[in-house]
Amino acid sequence: MKQALTLVPLLILPFVLNDFWLTQVATRSLILGIMALSLSFLATYLGVVSFAQATMAGMAGYTIAFFGPNSVGIGVQLPFWVSIPLALTLAVVSGGLIGLIARRSRGIYAIMITLAIGVAFFYFTRQNYALFNGWTGFSGVRAPQIAGLSLRDPLPLYLLSLGVAALALALVSGFVRSPLGLTIQAVRDAPGRVLALGISVTTPIVAAFAFSGLLAGAGGILNVWYQERISSFSVGLGPIIDILIISVIGGLRHPGGAFVGAVVFVLLDTFAVDLIDRERFNTLIGVVLLLIVIVAPGGLQQLASDWMARLRRPEAPKKSTV
Amino acid sequence: MPVNHLHNTANALEVRGIGKRFGGFWAVQDIDLTVRPGERRAILGPNGAGKTSLFNVLTGDTSATTGQITLFGDSVTREPINKRIQRGLRRTYQHAHLFNGLTVRDTLFLAVAGLRGSWRQVLPLRATDARLAESERLAEIAGVADVLDRETSELSHGQRRQLEIGIALAENPKILLLDEPAAGLSPAERPKLSALLMSLPKDVTVVLIEHDMDIALQTSESVSVLYNGRMLAEGSPDDIMRNEDVHRVYIGGAHGH
Ligand SMILES: Nc1ncnc2c1ncn2[C@@H]1O[C@H](COP(=O)(O)OP(=O)(O)OP(=O)(O)O)[C@@H](O)[C@H]1O
Ligand SMILES: [Mg+2]
C-alpha cells in the first residue's frame with residue numbers, strides 16, 4: 001500500500017513540530033482537507049461542484065455544540081458517543097436532502113442551487129436563537145475526554161484528525177469501487193444511459209451527496225472541537241469559498257488533492273500576515289488561485305504527479321490516473 | 001396454465017398504429033409491425049426514414065404520440081423504460097453514449113447488476129463477485145474481452161459498438177433492438193459483427209436497423225422497409241429485393257451497391 005507509506009512521516013511529524021506548527025498548520029490543514037475532500041469527491045465522481053459543503057459540515061458542528069458542553073447555556077448535554085453519531089447522521093441526512101433538491105441540476109445550475117441552500121442556511125442560523133443562538137452562535141465548545149485523553153490537547157487532536165483523514169480517503173477509494181460508487185460515476189458520464197439500463201439516477205445522486213455529507217460532517221465535528229466555537233460565520237460565504245479554493249488548489253479531479261490544497265491554503269493564511277497586511281490576504285489567495293487555474297488547471301496534485309511521471313519516464317509522460 | 005399458454009403463443013412484439021410527432025412533423029406514422037418470438041427482423045430505410053424514432057418509442061426512450069405497443073402479449077405503451085427492460089427488452093444506440101470514465105468491465109458490470117436494492121451496494125466489489133464473472137462472459141461474447149480493463153473512452157469505434165451489444169446482452173434479453181450496429185465499422189470488422197449476430201441464442205428475438213444490405217439480408221429472415229415515417233413494404237429478403245417501390249426509394253438510391 002503506497003498510500004499507507006505516506007502515513008509514516010505524518011506520524012513522525014508531532015515529534016519534530018512545536019505546538020504552534022502542529023495545531024495551527026498541521027491539524028488545521030487536515031480538518032480543512034477533510035471538508036474539501038467532501039467537495040472533491042462530488043466533483044470527481046459525480047461531476048457536480050457543490051457550494052453546500054459548509055452547510056453539511058455546519059449541521060454536524062452545530063449538533064456537537066448544541067448537545068455538548070458550551071458556554072452559552074443553550075442545548076442539551078448528551079454523552080459524546082451519542083452526539084457524534086447524531087451529528088454525522090444529521091450531516092448525512094442534510095447532504096442527502098441537498099442532493100434530492102439539486103438532483104436535476106448540472107454545471108452552473110447545480111452551483112446556483114447549492115449556493116442558494118448554503119446562503120439560506122447561513123441566514124437561518126443568524127435568525128434562529130432556539131437552536132443556533134443567532135449570529136453569535138456557540139462558544140466554549142469542548143472536545144470530549146476519552147479514556148483520560150483530552151481531545152483538546154494538540155497531540156491527540158492531531159492524531160485524531162490524521163486518523164479521520166486517512167479513514168475518509170480510504171472510505172472514498174472503497175466507495176467508488178462499490179456498485180453504488182460505479183453508478184455514481186456512470187451518472188457523471190451519461191445520466192441518460194444509466195436510465196436506459198433501467199437504473200434510477202436519483203438514488204446515486206442522493207447517495208453521492210449523502211456520502212459527501214458524511215465526509216463534510218466528520219470535518220465539521222473536528223472543526224468545532226478545534227475552534228471551540230461555531231457561529232453563522234462558520235457556515236457563511238467565507239468558509240464556502242475557502243472550501244472551494246482549497247479543492248481547486250489541490251485539484252478538483254483528485255480526492256487526495258484536497259489535503260495538498262489545504263496545506264497550501266493554511267500556510268498562506270498563517271504566514272501571509274507576516275509578508276503583507278491582513279486585508280490583502282484575499283488578493284494573495286486570488287492571485288494563487290489564478291496562477292493555479294492558468295498554469296495547472298488540474299491542481300497541484302496533478303502538477304506533482306505529472307512531474308513525477310516525467311522524472312520516471314523522461315521520454316513518455318503518461319496521463320496520470322488516480 | 002392459461003397465462004403461460006398466452007405467453008407462448010403471443011407475438012414478441014406487436015405494434016399497432018404507432019405514430020411519433022415532433023412539433024408539427026410526424027417522424028413515424030401509422031406503423032403496424034408484428035414480430036414472432038425468435039424472429040430475426042431487419043428494418044431498412046433511407047436516412048431520416050424514422051427508424052431510430054420508432055425504436056425510441058418501442059423502448060420508452062420517448063413516448064408514442066399515437067398507437068399501442070404489446071410485448072409478449074402485455075401492453076407496455078405507457079410503461080417506463082425500466083419496466084420494459086424487466087420484460088426482457090434491450091437496445092443498442094446508433095450514437096453510443098458510454099460511460100467514458102469507467103472500464104469495459106465496470107460498464108458491463110453495471111449492465112448486469114443494475115442497482116438491486118440492498119445495503120451491500122455501498123461495499124467495494126469483490127473480485128470473486130459472480131456478476132463480474134458474468135461481465136467477463138459478456139465481454140467474451142461481444143469480442144471485447146481483450147480490453148476489459150480499458151476505460152471506454154480509449155476504445156476504438158468498432159470496440160464501442162461491440163461493447164454496446166455486450167451491454168444489451170446482459171441479463172438474458174428476450175428481444176433485442178439493434179440500431180445500426182455496423183455503422184462506421186471497417187470492412188474487416190463487419191464479418192465479425194455478422195458472426196456475432198448469427199451466434200445469438202435462437203430464442204432471442206432480434207430487430208435490426210441496418211444500412212449494410214449484406215449484413216441485413218444475411219442475418220434476417222424478414223424485412224420491413226420504412227420511408228418518410230411510414231411502412232413502405234414488408235416481406236422476405238427475396239420479396240424486398242424484387243419490390244419495385246423499395247428499389248425506387250432505397251436500393252436504387254443512395255445505397256445501390
Ligand atoms: N427529437 C427530435 N426532434 C425533432 N425531430 C426529430 C427528432 N428526432 C428525430 N427527428 C426527425 O425525425 C425524422 C426521423 O429521424 P430518425 O432519426 O428516426 O431517422 P432514421 O431513420 O433513424 O435515420 P438515420 O438512418 O439517419 O439514422 C428525421 O427527419 C429527424 O430529423
Ligand atoms: Mg437512426
# chains A, B, ... in the order shown; residues from 1 in each chain; ligands from 1
>>> residues_near_ligand(ligand="ligand 1", cutoff="9 Å", atoms="only C-alpha atoms and all ligand atoms", output="PyMOL selection string")
chain B and resi 20-23+25-28+44-56+62+94+179-180+209-211+226-229
>>> write_last_selection(atoms="N, CA, C and O atoms", output="compact mmCIF listing (two decimals), in the first residue's frame")
# COMPACT_ATOMS: atom_id res chain seq x y z
N LYS B 20 -45.27 9.08 -34.05
CA LYS B 20 -44.49 9.97 -33.17
C LYS B 20 -44.37 11.32 -33.86
O LYS B 20 -43.88 11.42 -34.98
N ARG B 21 -44.86 12.35 -33.15
CA ARG B 21 -44.85 13.68 -33.73
C ARG B 21 -43.88 14.57 -32.99
O ARG B 21 -43.85 14.59 -31.76
N PHE B 22 -43.05 15.29 -33.72
CA PHE B 22 -42.20 16.34 -33.13
C PHE B 22 -42.73 17.67 -33.65
O PHE B 22 -42.59 17.96 -34.83
N GLY B 23 -43.34 18.46 -32.78
CA GLY B 23 -43.94 19.70 -33.25
C GLY B 23 -45.03 19.36 -34.26
O GLY B 23 -45.92 18.58 -33.98
N PHE B 25 -44.35 17.81 -37.07
CA PHE B 25 -43.73 16.86 -38.00
C PHE B 25 -43.85 15.44 -37.48
O PHE B 25 -43.46 15.14 -36.35
N TRP B 26 -44.43 14.56 -38.32
CA TRP B 26 -44.56 13.16 -37.92
C TRP B 26 -43.30 12.40 -38.33
O TRP B 26 -43.08 12.18 -39.51
N ALA B 27 -42.47 12.02 -37.35
CA ALA B 27 -41.25 11.26 -37.65
C ALA B 27 -41.61 9.84 -38.05
O ALA B 27 -40.99 9.27 -38.95
N VAL B 28 -42.61 9.24 -37.36
CA VAL B 28 -43.19 7.97 -37.82
C VAL B 28 -44.71 8.09 -37.70
O VAL B 28 -45.22 8.83 -36.86
N LEU B 44 -35.17 -1.60 -42.76
CA LEU B 44 -34.39 -0.80 -43.70
C LEU B 44 -35.10 0.53 -43.92
O LEU B 44 -36.28 0.68 -43.60
N GLY B 45 -34.37 1.45 -44.50
CA GLY B 45 -34.97 2.74 -44.81
C GLY B 45 -33.89 3.79 -44.95
O GLY B 45 -32.88 3.71 -44.27
N PRO B 46 -34.10 4.75 -45.86
CA PRO B 46 -33.07 5.79 -46.05
C PRO B 46 -32.91 6.66 -44.81
O PRO B 46 -33.70 6.57 -43.87
N ASN B 47 -31.91 7.52 -44.82
CA ASN B 47 -31.67 8.42 -43.69
C ASN B 47 -32.92 9.25 -43.43
O ASN B 47 -33.55 9.74 -44.36
N GLY B 48 -33.26 9.37 -42.16
CA GLY B 48 -34.42 10.19 -41.79
C GLY B 48 -35.75 9.50 -41.99
O GLY B 48 -36.80 10.12 -41.87
N ALA B 49 -35.74 8.20 -42.29
CA ALA B 49 -36.98 7.48 -42.54
C ALA B 49 -37.81 7.31 -41.27
O ALA B 49 -39.01 7.09 -41.32
N GLY B 50 -37.16 7.42 -40.10
CA GLY B 50 -37.89 7.29 -38.84
C GLY B 50 -37.55 6.01 -38.09
O GLY B 50 -38.24 5.65 -37.13
N LYS B 51 -36.49 5.33 -38.49
CA LYS B 51 -36.14 4.03 -37.88
C LYS B 51 -35.78 4.20 -36.40
O LYS B 51 -36.32 3.51 -35.53
N THR B 52 -34.88 5.15 -36.13
CA THR B 52 -34.46 5.37 -34.74
C THR B 52 -35.63 5.89 -33.91
O THR B 52 -35.84 5.48 -32.77
N SER B 53 -36.44 6.78 -34.50
CA SER B 53 -37.61 7.30 -33.78
C SER B 53 -38.54 6.16 -33.38
O SER B 53 -39.09 6.16 -32.28
N LEU B 54 -38.71 5.18 -34.27
CA LEU B 54 -39.55 4.04 -33.96
C LEU B 54 -38.97 3.26 -32.78
O LEU B 54 -39.69 2.91 -31.83
N PHE B 55 -37.67 3.00 -32.82
CA PHE B 55 -37.01 2.30 -31.70
C PHE B 55 -37.22 3.05 -30.39
O PHE B 55 -37.52 2.46 -29.36
N ASN B 56 -37.04 4.38 -30.45
CA ASN B 56 -37.17 5.17 -29.22
C ASN B 56 -38.54 5.01 -28.60
O ASN B 56 -38.69 4.97 -27.38
N THR B 62 -38.71 7.62 -25.75
CA THR B 62 -39.68 8.70 -25.91
C THR B 62 -41.07 8.06 -25.91
O THR B 62 -41.21 6.86 -26.11
N GLN B 94 -27.65 4.07 -31.78
CA GLN B 94 -26.92 4.41 -33.00
C GLN B 94 -25.68 5.24 -32.66
O GLN B 94 -24.61 5.02 -33.19
N ASP B 179 -29.62 -0.78 -33.24
CA ASP B 179 -29.70 0.38 -34.13
C ASP B 179 -28.37 0.55 -34.87
O ASP B 179 -27.42 1.10 -34.33
N GLU B 180 -28.34 0.10 -36.10
CA GLU B 180 -27.16 0.21 -36.97
C GLU B 180 -25.87 -0.21 -36.28
O GLU B 180 -24.94 0.59 -36.16
N ILE B 209 -31.83 -2.56 -37.20
CA ILE B 209 -31.77 -1.48 -38.18
C ILE B 209 -30.40 -1.55 -38.84
O ILE B 209 -29.40 -1.57 -38.12
N GLU B 210 -30.36 -1.62 -40.15
CA GLU B 210 -29.04 -1.77 -40.77
C GLU B 210 -29.03 -1.17 -42.17
O GLU B 210 -29.91 -1.43 -42.97
N HIS B 211 -28.02 -0.36 -42.43
CA HIS B 211 -27.84 0.19 -43.78
C HIS B 211 -27.09 -0.80 -44.66
O HIS B 211 -27.23 -0.79 -45.88
N LEU B 226 -38.99 1.18 -44.08
CA LEU B 226 -39.63 2.44 -43.70
C LEU B 226 -39.25 3.51 -44.71
O LEU B 226 -38.13 3.54 -45.22
N TYR B 227 -40.20 4.40 -44.97
CA TYR B 227 -39.90 5.51 -45.87
C TYR B 227 -40.77 6.68 -45.45
O TYR B 227 -41.99 6.54 -45.33
N ASN B 228 -40.14 7.82 -45.22
CA ASN B 228 -40.87 9.01 -44.78
C ASN B 228 -41.78 8.74 -43.58
O ASN B 228 -42.90 9.24 -43.52
N GLY B 229 -41.31 7.93 -42.66
CA GLY B 229 -42.07 7.67 -41.44
C GLY B 229 -43.17 6.64 -41.59
O GLY B 229 -43.85 6.33 -40.62
>>> interface_residues(of="chain B", to="chain A", cutoff="10 Å", atoms="only C-alpha atoms", output="PyMOL selection string")
chain B and resi 59-61+80-86+90-93+96-102+106-107+109-117+119-126+167-168+170
>>> select_by_dssp(residues="stretch 14-253 of chain B", states="alpha helix (DSSP H)", output="PyMOL selection string")
chain B and resi 51-59+81-86+104-113+130-142+157-168+189-198+213-219+237-242+244-246
>>> select_by_dssp(residues="stretch 44-242 of chain B", states="strand (DSSP E or B)", output="MDAnalysis selection string")
chainID B and resid 44 66:71 74:75 89:91 103 151 175:179 205:209 222:227 230:235
>>> closest_residue(among="B:Glu151, B:Glu79, B:Glu244, B:Asp74", to="B:Arg105", atoms="only C-alpha atoms")
B:Glu151
>>> closest_residue(among="B:Ile43, B:Leu108, B:Ile165, B:Ala145", to="ligand 2", atoms="only C-alpha atoms and all ligand atoms")
B:Ile43
>>> decode(residues="stretch 54-70 of chain A", atoms="all heavy atoms", output="tab-separated table (two decimals), in the first residue's frame")
chain	number	residue	atom	x	y	z
A	54	ALA	N	-20.20	23.51	3.28
A	54	ALA	CA	-20.08	24.18	4.59
A	54	ALA	C	-21.37	24.01	5.39
A	54	ALA	O	-21.34	23.95	6.62
A	54	ALA	CB	-19.76	25.66	4.40
A	55	THR	N	-22.48	23.90	4.68
A	55	THR	CA	-23.77	23.67	5.36
A	55	THR	C	-23.79	22.29	6.01
A	55	THR	O	-24.19	22.14	7.18
A	55	THR	CB	-24.92	23.78	4.33
A	55	THR	OG1	-24.89	25.08	3.76
A	55	THR	CG2	-26.26	23.53	5.00
A	56	MET	N	-23.33	21.27	5.26
A	56	MET	CA	-23.31	19.91	5.81
A	56	MET	C	-22.36	19.84	7.00
A	56	MET	O	-22.67	19.27	8.05
A	56	MET	CB	-22.88	18.91	4.74
A	56	MET	CG	-23.76	18.91	3.50
A	56	MET	SD	-23.07	17.82	2.23
A	56	MET	CE	-23.87	18.48	0.76
A	57	ALA	N	-21.17	20.46	6.85
A	57	ALA	CA	-20.21	20.48	7.95
A	57	ALA	C	-20.81	21.23	9.14
A	57	ALA	O	-20.67	20.81	10.30
A	57	ALA	CB	-18.91	21.15	7.51
A	58	GLY	N	-21.52	22.33	8.84
A	58	GLY	CA	-22.12	23.13	9.89
A	58	GLY	C	-23.20	22.38	10.65
A	58	GLY	O	-23.32	22.50	11.88
A	59	MET	N	-23.99	21.57	9.93
A	59	MET	CA	-25.02	20.76	10.60
A	59	MET	C	-24.38	19.90	11.69
A	59	MET	O	-24.89	19.81	12.81
A	59	MET	CB	-25.72	19.85	9.59
A	59	MET	CG	-26.74	20.53	8.70
A	59	MET	SD	-28.08	21.29	9.60
A	59	MET	CE	-28.99	19.85	10.11
A	60	ALA	N	-23.26	19.27	11.33
A	60	ALA	CA	-22.58	18.41	12.30
A	60	ALA	C	-21.98	19.25	13.43
A	60	ALA	O	-22.11	18.91	14.61
A	60	ALA	CB	-21.49	17.59	11.61
A	61	GLY	N	-21.34	20.36	13.07
A	61	GLY	CA	-20.71	21.22	14.06
A	61	GLY	C	-21.72	21.76	15.07
A	61	GLY	O	-21.50	21.73	16.29
A	62	TYR	N	-22.84	22.28	14.56
A	62	TYR	CA	-23.88	22.82	15.43
A	62	TYR	C	-24.46	21.72	16.34
A	62	TYR	O	-24.80	21.96	17.49
A	62	TYR	CB	-25.01	23.44	14.60
A	62	TYR	CG	-24.79	24.92	14.30
A	62	TYR	CD1	-24.57	25.36	13.02
A	62	TYR	CD2	-24.82	25.87	15.33
A	62	TYR	CE1	-24.37	26.71	12.73
A	62	TYR	CE2	-24.64	27.21	15.07
A	62	TYR	CZ	-24.42	27.63	13.76
A	62	TYR	OH	-24.23	28.96	13.50
A	63	THR	N	-24.60	20.50	15.79
A	63	THR	CA	-25.13	19.41	16.60
A	63	THR	C	-24.23	19.12	17.79
A	63	THR	O	-24.68	18.96	18.92
A	63	THR	CB	-25.28	18.13	15.73
A	63	THR	OG1	-26.04	18.45	14.58
A	63	THR	CG2	-25.96	17.02	16.51
A	64	ILE	N	-22.91	19.10	17.52
A	64	ILE	CA	-21.95	18.86	18.60
A	64	ILE	C	-22.03	19.98	19.64
A	64	ILE	O	-22.01	19.74	20.85
A	64	ILE	CB	-20.51	18.78	18.02
A	64	ILE	CG1	-20.35	17.52	17.18
A	64	ILE	CG2	-19.47	18.84	19.12
A	64	ILE	CD1	-20.40	16.24	17.95
A	65	ALA	N	-22.14	21.23	19.13
A	65	ALA	CA	-22.19	22.37	20.05
A	65	ALA	C	-23.47	22.34	20.89
A	65	ALA	O	-23.44	22.60	22.10
A	65	ALA	CB	-22.10	23.67	19.26
A	66	PHE	N	-24.59	22.01	20.27
A	66	PHE	CA	-25.88	22.03	20.95
A	66	PHE	C	-25.97	20.91	21.98
A	66	PHE	O	-26.50	21.11	23.08
A	66	PHE	CB	-27.00	21.87	19.90
A	66	PHE	CG	-28.39	22.04	20.45
A	66	PHE	CD1	-28.98	23.30	20.52
A	66	PHE	CD2	-29.12	20.94	20.88
A	66	PHE	CE1	-30.27	23.46	21.01
A	66	PHE	CE2	-30.41	21.09	21.38
A	66	PHE	CZ	-30.98	22.36	21.45
A	67	PHE	N	-25.46	19.75	21.64
A	67	PHE	CA	-25.59	18.59	22.52
A	67	PHE	C	-24.34	18.33	23.36
A	67	PHE	O	-24.15	17.24	23.89
A	67	PHE	CB	-25.95	17.34	21.72
A	67	PHE	CG	-27.34	17.36	21.15
A	67	PHE	CD1	-27.55	17.49	19.79
A	67	PHE	CD2	-28.44	17.28	21.99
A	67	PHE	CE1	-28.84	17.53	19.26
A	67	PHE	CE2	-29.73	17.31	21.48
A	67	PHE	CZ	-29.93	17.44	20.12
A	68	GLY	N	-23.45	19.32	23.44
A	68	GLY	CA	-22.24	19.12	24.23
A	68	GLY	C	-22.01	20.30	25.15
A	68	GLY	O	-22.81	21.23	25.20
A	69	PRO	N	-20.91	20.26	25.88
A	69	PRO	CA	-20.61	21.39	26.76
A	69	PRO	C	-20.34	22.65	25.96
A	69	PRO	O	-19.61	22.62	24.98
A	69	PRO	CB	-19.34	20.92	27.50
A	69	PRO	CG	-18.77	19.82	26.67
A	69	PRO	CD	-19.91	19.20	25.92
A	70	ASN	N	-21.02	23.76	26.32
A	70	ASN	CA	-20.73	25.05	25.69
A	70	ASN	C	-20.98	26.14	26.73
A	70	ASN	O	-21.56	25.87	27.78
A	70	ASN	CB	-21.58	25.26	24.43
A	70	ASN	CG	-23.07	25.31	24.74
A	70	ASN	OD1	-23.52	26.19	25.47
A	70	ASN	ND2	-23.82	24.36	24.21
